[in-house]
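**Student:** Got a file for you: start10.txt, compact mmCIF, C-alpha atoms.
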# COMPACT_ATOMS: atom_id res chain seq x y z
CA MET J 16 -7.24 25.84 55.43
CA LYS J 17 -9.24 28.53 53.75
CA ARG J 18 -7.51 30.79 51.29
CA SER J 19 -8.29 34.49 51.33
CA ALA J 20 -10.14 36.15 48.48
CA ARG J 21 -6.95 38.01 47.57
CA HIS J 22 -5.05 34.76 47.37
CA ARG J 23 -7.75 33.21 45.19
CA ASN J 24 -7.68 36.23 42.93
CA MET J 25 -3.90 36.08 42.67
CA SER J 26 -4.12 32.38 41.84
CA GLY J 27 -6.67 33.10 39.12
CA ILE J 28 -4.44 35.78 37.66
CA PHE J 29 -1.43 33.44 37.75
CA PHE J 30 -3.41 30.63 36.11
CA TYR J 31 -4.70 32.94 33.41
CA SER J 32 -1.24 34.34 32.82
CA HIS J 33 0.26 30.86 32.72
CA GLN J 34 -2.39 29.61 30.30
CA LYS J 35 -1.89 32.67 28.10
CA GLU J 36 1.85 32.01 28.08
CA VAL J 37 1.32 28.35 27.19
CA PHE J 38 -1.09 29.24 24.42
CA SER J 39 1.30 31.91 23.19
CA ARG J 40 4.25 29.47 23.07
CA ARG J 41 2.11 26.91 21.24
CA SER J 42 1.00 29.53 18.73
CA ILE J 43 4.59 30.64 18.18
CA ARG J 44 5.71 27.01 17.67
CA LYS J 45 2.84 26.42 15.28
CA ARG J 46 3.60 29.54 13.27
CA THR J 47 7.31 28.66 13.27
CA GLY J 48 6.51 25.12 12.09
CA MET J 49 4.27 26.42 9.32
CA LYS J 50 7.00 28.84 8.23
CA LYS J 51 9.45 25.93 8.03
CA ILE J 52 7.01 23.89 5.94
CA TYR J 53 6.38 26.81 3.59
CA LEU J 54 10.14 27.43 3.35
CA ALA J 55 10.85 23.77 2.55
CA TYR J 56 8.07 23.73 -0.05
CA PHE J 57 9.45 26.90 -1.61
CA LEU J 58 12.96 25.44 -1.73
CA ILE J 59 11.69 22.26 -3.40
CA ILE J 60 9.98 24.31 -6.11
CA MET J 61 13.08 26.43 -6.64
CA LEU J 62 15.38 23.41 -6.80
CA SER J 63 13.05 21.69 -9.26
CA ALA J 64 13.05 24.75 -11.47
CA CYS J 65 16.79 25.28 -11.33
CA GLY J 66 18.30 21.84 -11.00
CA GLY J 67 16.09 19.45 -12.97
CA LYS J 68 13.90 19.06 -16.03
CA SER J 69 10.48 20.30 -15.00
CA SER J 70 8.86 19.89 -18.44
CA ASP J 71 7.70 16.89 -20.41
CA THR J 72 8.21 18.77 -23.67
CA VAL J 73 11.12 19.98 -25.80
CA SER J 74 11.49 23.61 -26.74
CA LEU J 75 13.02 23.79 -30.23
CA SER J 76 14.03 27.12 -31.72
CA GLY J 77 16.55 28.44 -34.16
CA GLU J 78 17.58 30.58 -37.07
CA ILE J 79 18.97 29.56 -40.44
CA LYS J 80 20.10 32.67 -42.26
CA GLY J 81 19.03 32.93 -45.87
CA LEU J 82 16.32 30.27 -45.57
CA GLY J 83 13.48 32.80 -45.83
CA ASN J 84 9.93 31.46 -45.50
CA ASP J 85 9.72 27.70 -45.72
CA THR J 86 8.33 24.58 -44.10
CA LEU J 87 10.69 22.01 -42.60
CA TYR J 88 9.84 18.57 -41.27
CA ILE J 89 10.96 16.67 -38.19
CA TYR J 90 10.81 12.90 -38.08
CA GLY J 91 12.34 10.19 -35.90
CA ALA J 92 15.45 8.26 -36.85
CA ASP J 93 13.79 5.07 -35.57
CA GLU J 94 10.56 3.83 -33.96
CA MET J 95 11.39 5.54 -30.67
CA TYR J 96 9.99 8.72 -32.27
CA ASP J 97 7.56 7.39 -34.85
CA ARG J 98 5.92 10.60 -36.01
CA MET J 99 6.43 13.59 -38.27
CA ASP J 100 6.07 17.23 -37.25
CA THR J 101 5.94 20.30 -39.46
CA LEU J 102 8.17 23.25 -38.63
CA PRO J 103 7.07 26.56 -40.21
CA VAL J 104 9.91 28.99 -40.93
CA GLU J 105 9.46 32.77 -41.20
CA ASN J 106 12.40 34.93 -42.26
CA GLY J 107 14.73 32.06 -41.40
CA LYS J 108 13.45 31.75 -37.82
CA PHE J 109 11.40 28.96 -36.27
CA ALA J 110 10.12 27.68 -32.93
CA LYS J 111 8.30 24.50 -31.98
CA THR J 112 7.29 22.51 -28.90
CA LEU J 113 7.82 18.77 -29.28
CA SER J 114 6.80 15.85 -27.05
CA PRO J 115 9.24 12.90 -27.17
CA ASP J 116 8.68 10.09 -24.68
CA THR J 117 12.39 9.75 -23.94
CA LEU J 118 15.82 10.59 -25.39
CA VAL J 119 15.48 10.19 -29.17
CA ALA J 120 17.37 10.78 -32.40
CA ALA J 121 15.54 12.76 -35.09
CA TRP J 122 16.07 14.33 -38.49
CA LEU J 123 15.45 17.89 -39.62
CA LEU J 124 14.31 17.59 -43.24
CA PHE J 125 14.73 20.53 -45.62
CA SER J 126 12.66 21.24 -48.73
CA ASP J 127 15.60 20.38 -51.02
CA GLY J 128 15.67 16.83 -49.61
CA SER J 129 18.76 17.30 -47.44
CA ARG J 130 18.51 16.41 -43.76
CA TYR J 131 20.38 17.04 -40.54
CA PRO J 132 20.45 14.95 -37.34
CA PHE J 133 19.70 16.18 -33.85
CA PHE J 134 18.85 14.65 -30.49
CA MET J 135 16.23 15.63 -27.92
CA ASP J 136 14.86 14.60 -24.54
CA LYS J 137 12.14 15.85 -22.21
CA GLY J 138 12.93 19.28 -20.80
CA ASP J 139 15.59 20.12 -23.38
CA LYS J 140 15.83 23.57 -24.91
CA ILE J 141 17.29 22.87 -28.34
CA HIS J 142 18.65 25.76 -30.36
CA ILE J 143 19.74 25.44 -33.99
CA LYS J 144 21.89 27.99 -35.79
CA GLY J 145 23.13 27.84 -39.35
CA SER J 146 23.09 29.10 -42.90
CA ALA J 147 21.04 28.06 -45.93
CA ALA J 148 24.31 28.06 -47.89
CA GLU J 149 25.70 25.29 -45.62
CA LEU J 150 22.86 23.04 -44.56
CA ASN J 151 25.38 20.30 -43.77
CA SER J 152 27.01 22.39 -41.06
CA MET J 153 24.70 23.42 -38.21
CA GLU J 154 25.47 24.46 -34.65
CA ILE J 155 23.04 22.72 -32.30
CA THR J 156 22.97 23.14 -28.51
CA GLY J 157 20.64 22.00 -25.75
CA ASN J 158 22.17 18.73 -24.57
CA PRO J 159 25.57 16.94 -24.66
CA HIS J 160 24.65 14.73 -27.63
CA ASN J 161 24.02 17.69 -29.94
CA GLU J 162 27.00 19.63 -28.65
CA GLU J 163 29.37 16.67 -29.09
CA LEU J 164 28.28 16.18 -32.70
CA THR J 165 28.58 19.92 -33.37
CA ALA J 166 32.14 19.90 -32.00
CA PHE J 167 33.00 16.86 -34.17
CA ARG J 168 31.69 18.52 -37.32
CA LYS J 169 33.63 21.70 -36.56
CA GLU J 170 36.78 19.61 -36.24
CA LEU J 171 36.16 18.00 -39.64
CA LYS J 172 35.46 21.38 -41.20
CA GLY J 173 38.86 22.57 -40.04
CA LEU J 174 40.52 19.71 -41.94
CA GLY J 175 39.46 21.04 -45.34
CA LYS J 176 38.84 18.05 -47.61
CA PRO J 177 39.96 14.99 -45.62
CA SER J 178 40.24 11.57 -47.25
CA GLU J 179 37.79 8.78 -46.55
CA LYS J 180 40.42 7.06 -44.42
CA VAL J 181 40.91 10.18 -42.26
CA LEU J 182 37.14 10.57 -41.83
CA GLU J 183 36.82 6.97 -40.67
CA GLU J 184 39.73 7.37 -38.25
CA LYS J 185 38.18 10.52 -36.76
CA ALA J 186 34.75 8.90 -36.50
CA GLY J 187 36.19 5.75 -34.93
CA LYS J 188 38.12 7.79 -32.37
CA PHE J 189 34.96 9.73 -31.47
CA ILE J 190 32.93 6.54 -31.03
CA ASN J 191 35.57 4.95 -28.80
CA GLU J 192 35.70 8.08 -26.63
CA HIS J 193 31.93 8.69 -26.41
CA HIS J 194 30.48 5.37 -25.27
CA SER J 195 27.06 6.75 -24.31
CA SER J 196 26.46 9.45 -26.93
CA LEU J 197 23.73 9.14 -29.55
CA ALA J 198 26.12 10.99 -31.84
CA SER J 199 28.24 7.81 -31.84
CA ILE J 200 25.35 5.84 -33.37
CA TYR J 201 24.93 8.46 -36.08
CA LEU J 202 28.65 8.39 -36.94
CA LEU J 203 28.75 4.59 -36.89
CA ASP J 204 25.95 4.49 -39.44
CA LYS J 205 27.30 7.33 -41.63
CA TYR J 206 30.95 6.34 -41.88
CA PHE J 207 30.87 2.55 -41.44
CA ALA J 208 27.48 0.82 -41.83
CA GLN J 209 26.44 2.76 -44.96
CA LYS J 210 29.56 1.86 -46.95
CA GLU J 211 29.05 -0.18 -50.11
CA LYS J 212 31.04 -3.01 -48.52
CA PRO J 213 30.91 -2.50 -44.73
CA ASP J 214 33.68 -3.92 -42.55
CA TYR J 215 31.45 -5.78 -40.11
CA THR J 216 34.37 -6.91 -37.98
CA LEU J 217 35.33 -3.28 -37.37
CA ILE J 218 31.70 -2.31 -36.74
CA LYS J 219 31.40 -5.02 -34.09
CA GLN J 220 34.58 -3.78 -32.41
CA LEU J 221 33.22 -0.21 -32.29
CA THR J 222 29.90 -1.32 -30.76
CA GLU J 223 31.60 -3.41 -28.06
CA HIS J 224 32.61 -0.28 -26.12
CA MET J 225 29.13 1.26 -26.21
CA THR J 226 27.04 1.38 -23.04
CA GLY J 227 24.14 -1.00 -22.56
CA GLU J 228 21.72 1.88 -23.09
CA LEU J 229 23.09 2.49 -26.60
CA LYS J 230 23.20 -1.23 -27.43
CA ASP J 231 19.52 -1.50 -26.51
CA ARG J 232 18.61 1.14 -29.10
CA PRO J 233 16.63 -0.26 -32.07
CA TYR J 234 19.33 0.74 -34.57
CA ILE J 235 22.22 -1.02 -32.79
CA ASP J 236 20.07 -4.04 -32.04
CA GLY J 237 19.12 -4.31 -35.71
CA LEU J 238 22.68 -3.67 -36.89
CA LEU J 239 24.08 -6.49 -34.75
CA ASP J 240 21.39 -8.85 -36.10
CA ARG J 241 22.34 -7.77 -39.61
CA ILE J 242 26.02 -8.50 -38.91
CA GLN J 243 25.12 -12.01 -37.79
CA GLU J 244 23.21 -12.57 -41.03
CA GLU J 245 26.06 -11.14 -43.11
CA GLU J 246 28.61 -13.38 -41.40
CA LYS J 247 26.52 -16.45 -42.20
CA ALA J 248 26.28 -15.37 -45.85
CA ALA J 249 29.86 -14.15 -46.31
CA THR J 250 32.08 -15.20 -49.21
CA GLY J 251 33.53 -18.61 -48.41
CA LYS J 252 30.52 -19.78 -46.40
CA THR J 253 28.16 -22.49 -47.63
CA ALA J 254 24.79 -21.17 -48.76
CA ALA J 255 21.76 -22.37 -46.84
CA TYR J 256 19.27 -24.69 -48.50
CA PHE J 257 16.45 -22.91 -50.30
CA ARG J 258 13.23 -23.99 -51.99
CA LEU J 259 11.11 -21.67 -54.17
CA PRO J 260 8.36 -22.17 -56.78
CA ASN J 261 9.01 -21.17 -60.38
CA ALA J 262 6.47 -19.49 -62.68
CA GLU J 263 4.83 -22.88 -63.41
CA GLY J 264 4.62 -23.80 -59.72
CA LYS J 265 7.49 -26.32 -59.77
CA GLN J 266 9.74 -26.22 -56.71
CA ILE J 267 13.29 -25.07 -57.43
CA THR J 268 16.19 -25.92 -55.11
CA ARG J 269 19.97 -25.66 -55.25
CA SER J 270 20.17 -29.34 -56.19
CA ASN J 271 18.50 -28.47 -59.52
CA PHE J 272 21.87 -27.02 -60.52
CA LYS J 273 24.10 -29.92 -59.55
CA ASP J 274 27.72 -29.68 -60.76
CA GLN J 275 27.15 -26.10 -61.98
CA TYR J 276 28.25 -22.65 -60.95
CA LEU J 277 25.02 -20.85 -60.16
CA LEU J 278 24.63 -17.08 -60.50
CA ILE J 279 21.51 -15.98 -58.61
CA HIS J 280 20.08 -12.62 -59.66
CA PHE J 281 17.70 -10.87 -57.23
CA TRP J 282 15.26 -8.45 -58.81
CA ALA J 283 11.59 -7.31 -58.75
CA SER J 284 9.08 -6.12 -61.32
CA TRP J 285 8.47 -2.94 -59.29
CA ASP J 286 12.16 -1.96 -59.14
CA THR J 287 13.19 -0.01 -62.25
CA VAL J 288 16.93 -0.34 -61.58
CA SER J 289 16.80 -4.12 -61.34
CA ARG J 290 14.56 -4.23 -64.42
CA ASP J 291 17.26 -2.33 -66.31
CA SER J 292 19.89 -4.76 -65.04
CA ASN J 293 18.01 -7.64 -66.68
CA ALA J 294 19.70 -6.56 -69.93
CA VAL J 295 23.07 -7.53 -68.41
CA TYR J 296 21.82 -10.99 -67.50
CA ARG J 297 20.33 -11.48 -70.96
CA ARG J 298 23.84 -10.95 -72.37
CA ILE J 299 25.33 -13.39 -69.87
CA TYR J 300 22.65 -15.95 -70.69
CA ARG J 301 23.27 -15.71 -74.45
CA LYS J 302 27.01 -16.21 -73.94
CA GLU J 303 26.71 -19.05 -71.40
CA GLN J 304 23.54 -20.93 -72.36
CA LYS J 305 25.59 -23.76 -73.88
CA ASN J 306 27.99 -23.89 -70.93
CA LYS J 307 26.99 -26.96 -68.94
CA LYS J 308 29.09 -25.82 -65.99
CA PHE J 309 27.19 -22.55 -65.54
CA ALA J 310 23.54 -21.63 -64.82
CA LEU J 311 21.45 -18.56 -64.11
CA LEU J 312 18.59 -18.28 -61.62
CA GLY J 313 16.40 -15.21 -61.19
CA ILE J 314 14.73 -14.74 -57.80
CA SER J 315 12.09 -12.03 -57.65
CA LEU J 316 10.99 -10.10 -54.56
CA ASP J 317 7.55 -9.56 -56.03
CA LEU J 318 4.35 -9.80 -54.01
CA ASN J 319 2.00 -10.02 -57.01
CA LYS J 320 2.31 -13.11 -59.19
CA ASP J 321 0.70 -11.55 -62.27
CA ASN J 322 3.08 -8.57 -62.21
CA TRP J 323 6.03 -10.93 -61.81
CA LYS J 324 5.03 -13.20 -64.71
CA LYS J 325 4.29 -10.21 -66.94
CA ALA J 326 7.78 -8.77 -66.23
CA ILE J 327 9.38 -12.13 -67.09
CA GLU J 328 7.66 -12.04 -70.47
CA THR J 329 8.29 -8.34 -71.13
CA ASP J 330 11.99 -8.54 -70.23
CA THR J 331 12.47 -11.84 -72.13
CA LEU J 332 13.95 -13.74 -69.20
CA LYS J 333 14.44 -17.20 -70.68
CA TRP J 334 16.40 -18.71 -67.80
CA GLU J 335 14.86 -20.20 -64.65
CA GLN J 336 12.83 -17.77 -62.53
CA ALA J 337 11.52 -18.31 -58.99
CA CYS J 338 9.50 -16.35 -56.46
CA ASP J 339 7.59 -17.17 -53.25
CA LEU J 340 5.72 -13.82 -53.31
CA SER J 341 7.10 -12.87 -49.87
CA GLY J 342 9.15 -9.84 -50.92
CA TRP J 343 11.86 -8.87 -48.45
CA GLU J 344 10.53 -11.47 -46.01
CA SER J 345 11.51 -14.33 -48.31
CA GLY J 346 13.67 -16.92 -46.55
CA VAL J 347 16.38 -17.00 -49.22
CA VAL J 348 16.62 -13.19 -49.19
CA LYS J 349 17.37 -13.25 -45.46
CA GLN J 350 19.65 -16.30 -45.68
CA LEU J 351 21.85 -14.63 -48.29
CA ALA J 352 21.63 -11.20 -46.57
CA ILE J 353 20.24 -9.35 -49.58
CA ARG J 354 19.83 -5.66 -48.68
CA THR J 355 19.31 -3.86 -51.99
CA LEU J 356 18.15 -4.50 -55.53
CA PRO J 357 19.51 -5.54 -57.89
CA ALA J 358 21.87 -8.02 -56.26
CA ASN J 359 23.59 -11.25 -57.19
CA VAL J 360 25.30 -14.18 -55.49
CA LEU J 361 27.58 -16.71 -57.16
CA LEU J 362 27.56 -20.28 -55.78
CA SER J 363 30.05 -23.00 -56.60
CA PRO J 364 28.87 -26.54 -57.50
CA SER J 365 29.35 -27.46 -53.82
CA GLY J 366 27.18 -24.53 -52.65
CA ARG J 367 30.07 -22.36 -51.50
CA ILE J 368 29.48 -18.61 -51.83
CA GLU J 369 32.12 -17.48 -54.32
CA GLY J 370 31.14 -13.82 -54.50
CA LYS J 371 28.36 -11.29 -54.03
CA ASN J 372 27.21 -8.36 -56.16
CA LEU J 373 29.63 -9.16 -58.96
CA SER J 374 29.76 -6.86 -61.97
CA GLU J 375 29.56 -8.21 -65.51
CA ALA J 376 33.28 -7.57 -65.89
CA ALA J 377 34.04 -9.36 -62.62
CA GLU J 378 31.94 -12.31 -63.72
CA ARG J 379 33.77 -12.39 -67.09
CA HIS J 380 37.14 -12.34 -65.28
CA ARG J 381 35.97 -15.13 -62.99
CA ARG J 382 34.94 -17.27 -65.97
CA THR J 383 38.33 -16.59 -67.60
CA ARG J 384 40.11 -17.70 -64.42
CA GLU J 385 37.96 -20.83 -64.23
CA GLU J 386 38.67 -21.67 -67.88
CA ARG J 387 42.41 -21.11 -67.35
CA LYS J 388 42.29 -23.25 -64.22
CA ARG J 389 40.49 -26.08 -66.06
CA LYS J 390 42.98 -25.83 -68.92
CA GLU J 391 45.92 -25.98 -66.50
CA GLU J 392 44.36 -28.95 -64.72
CA GLY J 393 43.77 -30.61 -68.07
CA ASP J 394 47.37 -29.97 -69.15
CA ARG J 395 48.65 -31.30 -65.83
CA GLU J 396 46.53 -34.45 -66.11
CA ARG J 397 47.72 -34.99 -69.71
CA LYS J 398 51.36 -34.56 -68.69
CA GLU J 399 50.85 -36.93 -65.78
CA LYS J 400 49.37 -39.53 -68.14
CA GLU J 401 52.23 -39.01 -70.61
CA THR J 402 54.77 -39.40 -67.79
CA ILE J 403 53.08 -42.57 -66.56
CA THR J 404 53.01 -43.98 -70.10
CA PHE J 405 56.69 -43.09 -70.61
CA LEU J 406 57.69 -44.67 -67.30
CA SER J 407 55.70 -47.80 -68.06
CA VAL J 408 57.50 -48.10 -71.41
CA ILE J 409 61.05 -47.58 -70.15
CA THR J 410 60.54 -49.82 -67.13
CA LYS J 411 58.94 -52.60 -69.17
CA PRO J 412 61.10 -55.70 -68.95
Since I need it in another form, could you write the structure as structure tokens?

**Tutor:**
Amino acid sequence: MKRSARHRNMSGIFFYSHQKEVFSRRSIRKRTGMKKIYLAYFLIIMLSACGGKSSDTVSLSGEIKGLGNDTLYIYGADEMYDRMDTLPVENGKFAKTLSPDTLVAAWLLFSDGSRYPFFMDKGDKIHIKGSAAELNSMEITGNPHNEELTAFRKELKGLGKPSEKVLEEKAGKFINEHHSSLASIYLLDKYFAQKEKPDYTLIKQLTEHMTGELKDRPYIDGLLDRIQEEEKAATGKTAAYFRLPNAEGKQITRSNFKDQYLLIHFWASWDTVSRDSNAVYRRIYRKEQKNKKFALLGISLDLNKDNWKKAIETDTLKWEQACDLSGWESGVVKQLAIRTLPANVLLSPSGRIEGKNLSEAAERHRRTREERKRKEEGDRERKEKETITFLSVITKP
């Protein structure tokens, strides 16, 4: 059936209109889709800017009133931030961009040698506020670690002049309540690990509650290793076997001092304090050189044999001296957990550790106690012999 020209024209108009409508709907959908994509992209950017750390750097700024123009230094508390940065100060104000790889502990070092801890991570905006008159009391913001330590210091400041016991109690309470804070590591070191005679049992208890992230930190890892070494070398433990060459090359061991109390003195030719302490051991040697129950042994942490031998001669060290030229890496230094110079360790004839870092007075008191003990034992043995003799006489038939 043939369609009329009018019908064909109407069909063409309908088709064109339909196609135009289809194309129009497609265009609208396309534009709408593009708008949605742009909107989503825009929202992602906004959320990144507002809700997360968008920078790989740290913005550090601050003002310390009264500091004037100066240069401060920033360095890491451990190998996690193994660098040093300069921080110029103008009229007490400063600003710096830093680039830590992760969350790190660092020190702000002042020109007078004092230092102050702070913590930083990528994207942080750290602000420091304080006074040159109180460099030990700063207000630091920018992340929870800094703010927690700032709050703790403010609490201590409100106590006036608290005793050492109160400080330890406050620090211990903070550590137990802040298991994941870097401030806890700082307080653990300051109030417990740095003591002259640390309570390692207490330190272990405080670290037990810390998160795995804190325990994996180089400081805690090293501290726990140190505690293990200290426990092995504690008073009452038996000293490990050691073997070191003396100045003539002869090997010296603990068995060289059989049946004697042995006082081992750790020193080094390069350490002025331990060189001064040699005068104390010269006095002990003069007093005890005829005592067959007592001996002295000097162990040097020198790395240079000539320097060591020259110091022996200069300081007139007439008792046995030994050194393996390994410094702090010497086996006996690690076995007896020697941390500072000068140091000493007293061993009994059986090798038992009787004491560590004894003073001259303490050593004199110990010798007095030993002499009194030997006298009492001698008196008891004599009385026992007299009693036996008396009994044998009166019971003789």

**Student:** I need the residue nearest Leu340 of chain J from this list: J:Ala294, J:Leu373, J:Ala283, J:Ala326. Use only C-alpha atoms for the distance.

**Tutor:**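 Looking at the shortest contact to Leu340 of chain J, the residue is J:Ala283.
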
**Student:** Measuring between all atoms listed in the file, which one of J:Phe189, J:Ile279, J:Asp204, J:Thr222 shows the shortest distance to Leu171 of chain J?

**Tutor:**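 Among the listed residues, J:Phe189 lies closest to Leu171 of chain J.
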
**Student:** Quick one: of J:Lys265, J:Arg168, J:Lys371, J:Lys333, who's nearest to Arg298 of chain J, counting only C-alpha atoms?

**Tutor:**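 Among J:Lys265, J:Arg168, J:Lys371, J:Lys333, it is J:Lys333 that comes nearest to Arg298 of chain J.
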
**Student:** Quick one: distance from atom CA of Lys188 of chain J to atom CA of Phe167 of chain J in Å, one decimal?

**Tutor:**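 Atom CA of Phe167 of chain J lies 10.6 Å from atom CA of Lys188 of chain J.
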
**Student:** Please report the interatomic distance between atom CA of Phe309 of chain J and atom CA of Trp323 of chain J in Å with one decimal.

**Tutor:**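 Atom-to-atom, atom CA of Phe309 of chain J to atom CA of Trp323 of chain J, that is 24.4 Å.
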
**Student:** Counting all atoms listed in the file, select every polymer residue within 10 Å of (16.3, 9.3, -25.9) as defined in the file's coordinates, and provide the selection as an MDAnalysis selection string.

**Tutor:** chainID J and resid 95:96 115:121 134:137 197 228:229 232

**Student:** Using Å and a single decimal, report how far atom CA of Asp214 of chain J sits from atom CA of Val348 of chain J.

**Tutor:**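 Computed distance, atom CA of Val348 of chain J to atom CA of Asp214 of chain J, equals 20.5 Å.
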
**Student:** Given the choices J:Gly83, J:Pro357, J:Gly237, J:Gly227, which gets closest to Trp285 of chain J if the distance is worked out from only C-alpha atoms?

**Tutor:** J:Pro357

**Student:** Which residues are close to Thr331 of chain J, i.e. within 12 Å by only C-alpha atoms, leaving aside same-chain residues fewer than 5 positions away? Reply as a PDB file with C-alpha atoms, in the coordinates of the input.

**Tutor:**
ATOM      1  CA  ARG J 290      14.560  -4.230 -64.420  1.00  0.00           C
ATOM      2  CA  ASN J 293      18.010  -7.640 -66.680  1.00  0.00           C
ATOM      3  CA  ALA J 294      19.700  -6.560 -69.930  1.00  0.00           C
ATOM      4  CA  TYR J 296      21.820 -10.990 -67.500  1.00  0.00           C
ATOM      5  CA  ARG J 297      20.330 -11.480 -70.960  1.00  0.00           C
ATOM      6  CA  ARG J 298      23.840 -10.950 -72.370  1.00  0.00           C
ATOM      7  CA  TYR J 300      22.650 -15.950 -70.690  1.00  0.00           C
ATOM      8  CA  ARG J 301      23.270 -15.710 -74.450  1.00  0.00           C
ATOM      9  CA  LYS J 324       5.030 -13.200 -64.710  1.00  0.00           C
ATOM     10  CA  LYS J 325       4.290 -10.210 -66.940  1.00  0.00           C
ATOM     11  CA  ALA J 326       7.780  -8.770 -66.230  1.00  0.00           C
ATOM     12  CA  GLN J 336      12.830 -17.770 -62.530  1.00  0.00           C
TER      13      GLN J 336
END

**Student:** For Thr156 of chain J, which of J:Ser76, J:Ser365, J:Asn319, J:Gln304 is the closest residue, counting only C-alpha atoms?

**Tutor:**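 Once distances to Thr156 of chain J are computed over only C-alpha atoms, the minimum belongs to J:Ser76.
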
**Student:** Using all atoms listed in the file, pick whichever of J:Glu344, J:Glu183, J:Glu163, J:Asp71 has the shortest atom-to-atom distance to Leu318 of chain J.

**Tutor:** J:Glu344

**Student:** Need the neighbours of (7.0, -23.3, -61.4): which residues are at most 12 Å away, counting all atoms listed in the file, as a PyMOL selection string?

**Tutor:** chain J and resi 258-268+320+324+335-339

**Student:** List the neighbours of Ser152 of chain J out to 10 Å using all atoms listed in the file; skip same-chain residues closer than 6 positions along the sequence, and give me the result as a list in words.

**Tutor:**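 Once the nearby chain positions are removed, what remains is Tyr131, Lys144, Gly145, Ser146, Thr165, Arg168, Lys169 and Lys172 of chain J.
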
**Student:** Each residue of segment 80-108 of chain J lying at most 9 Å from segment 126-129 of chain J should get a row with its shortest atom-to-atom pair and the distance in Å to one decimal, counting only C-alpha atoms; could you produce that, ordered by chain and increasing number, as a Markdown table?

**Tutor:**
| residue | atom | partner | partner_atom | distance |
| --- | --- | --- | --- | --- |
| J:Asp85 | CA | J:Ser126 | CA | 7.7 |
| J:Thr86 | CA | J:Ser126 | CA | 7.2 |
| J:Leu87 | CA | J:Ser126 | CA | 6.5 |
| J:Tyr88 | CA | J:Ser126 | CA | 8.4 |

**Student:** If we count all atoms listed in the file and set the cut-off at 8 Å, which residues sit around segment 238-250 of chain J, ignoring sequence neighbours fewer than 6 positions away in its own chain? Please answer as a PyMOL selection string.

**Tutor:** chain J and resi 215+219+349-352+367-371
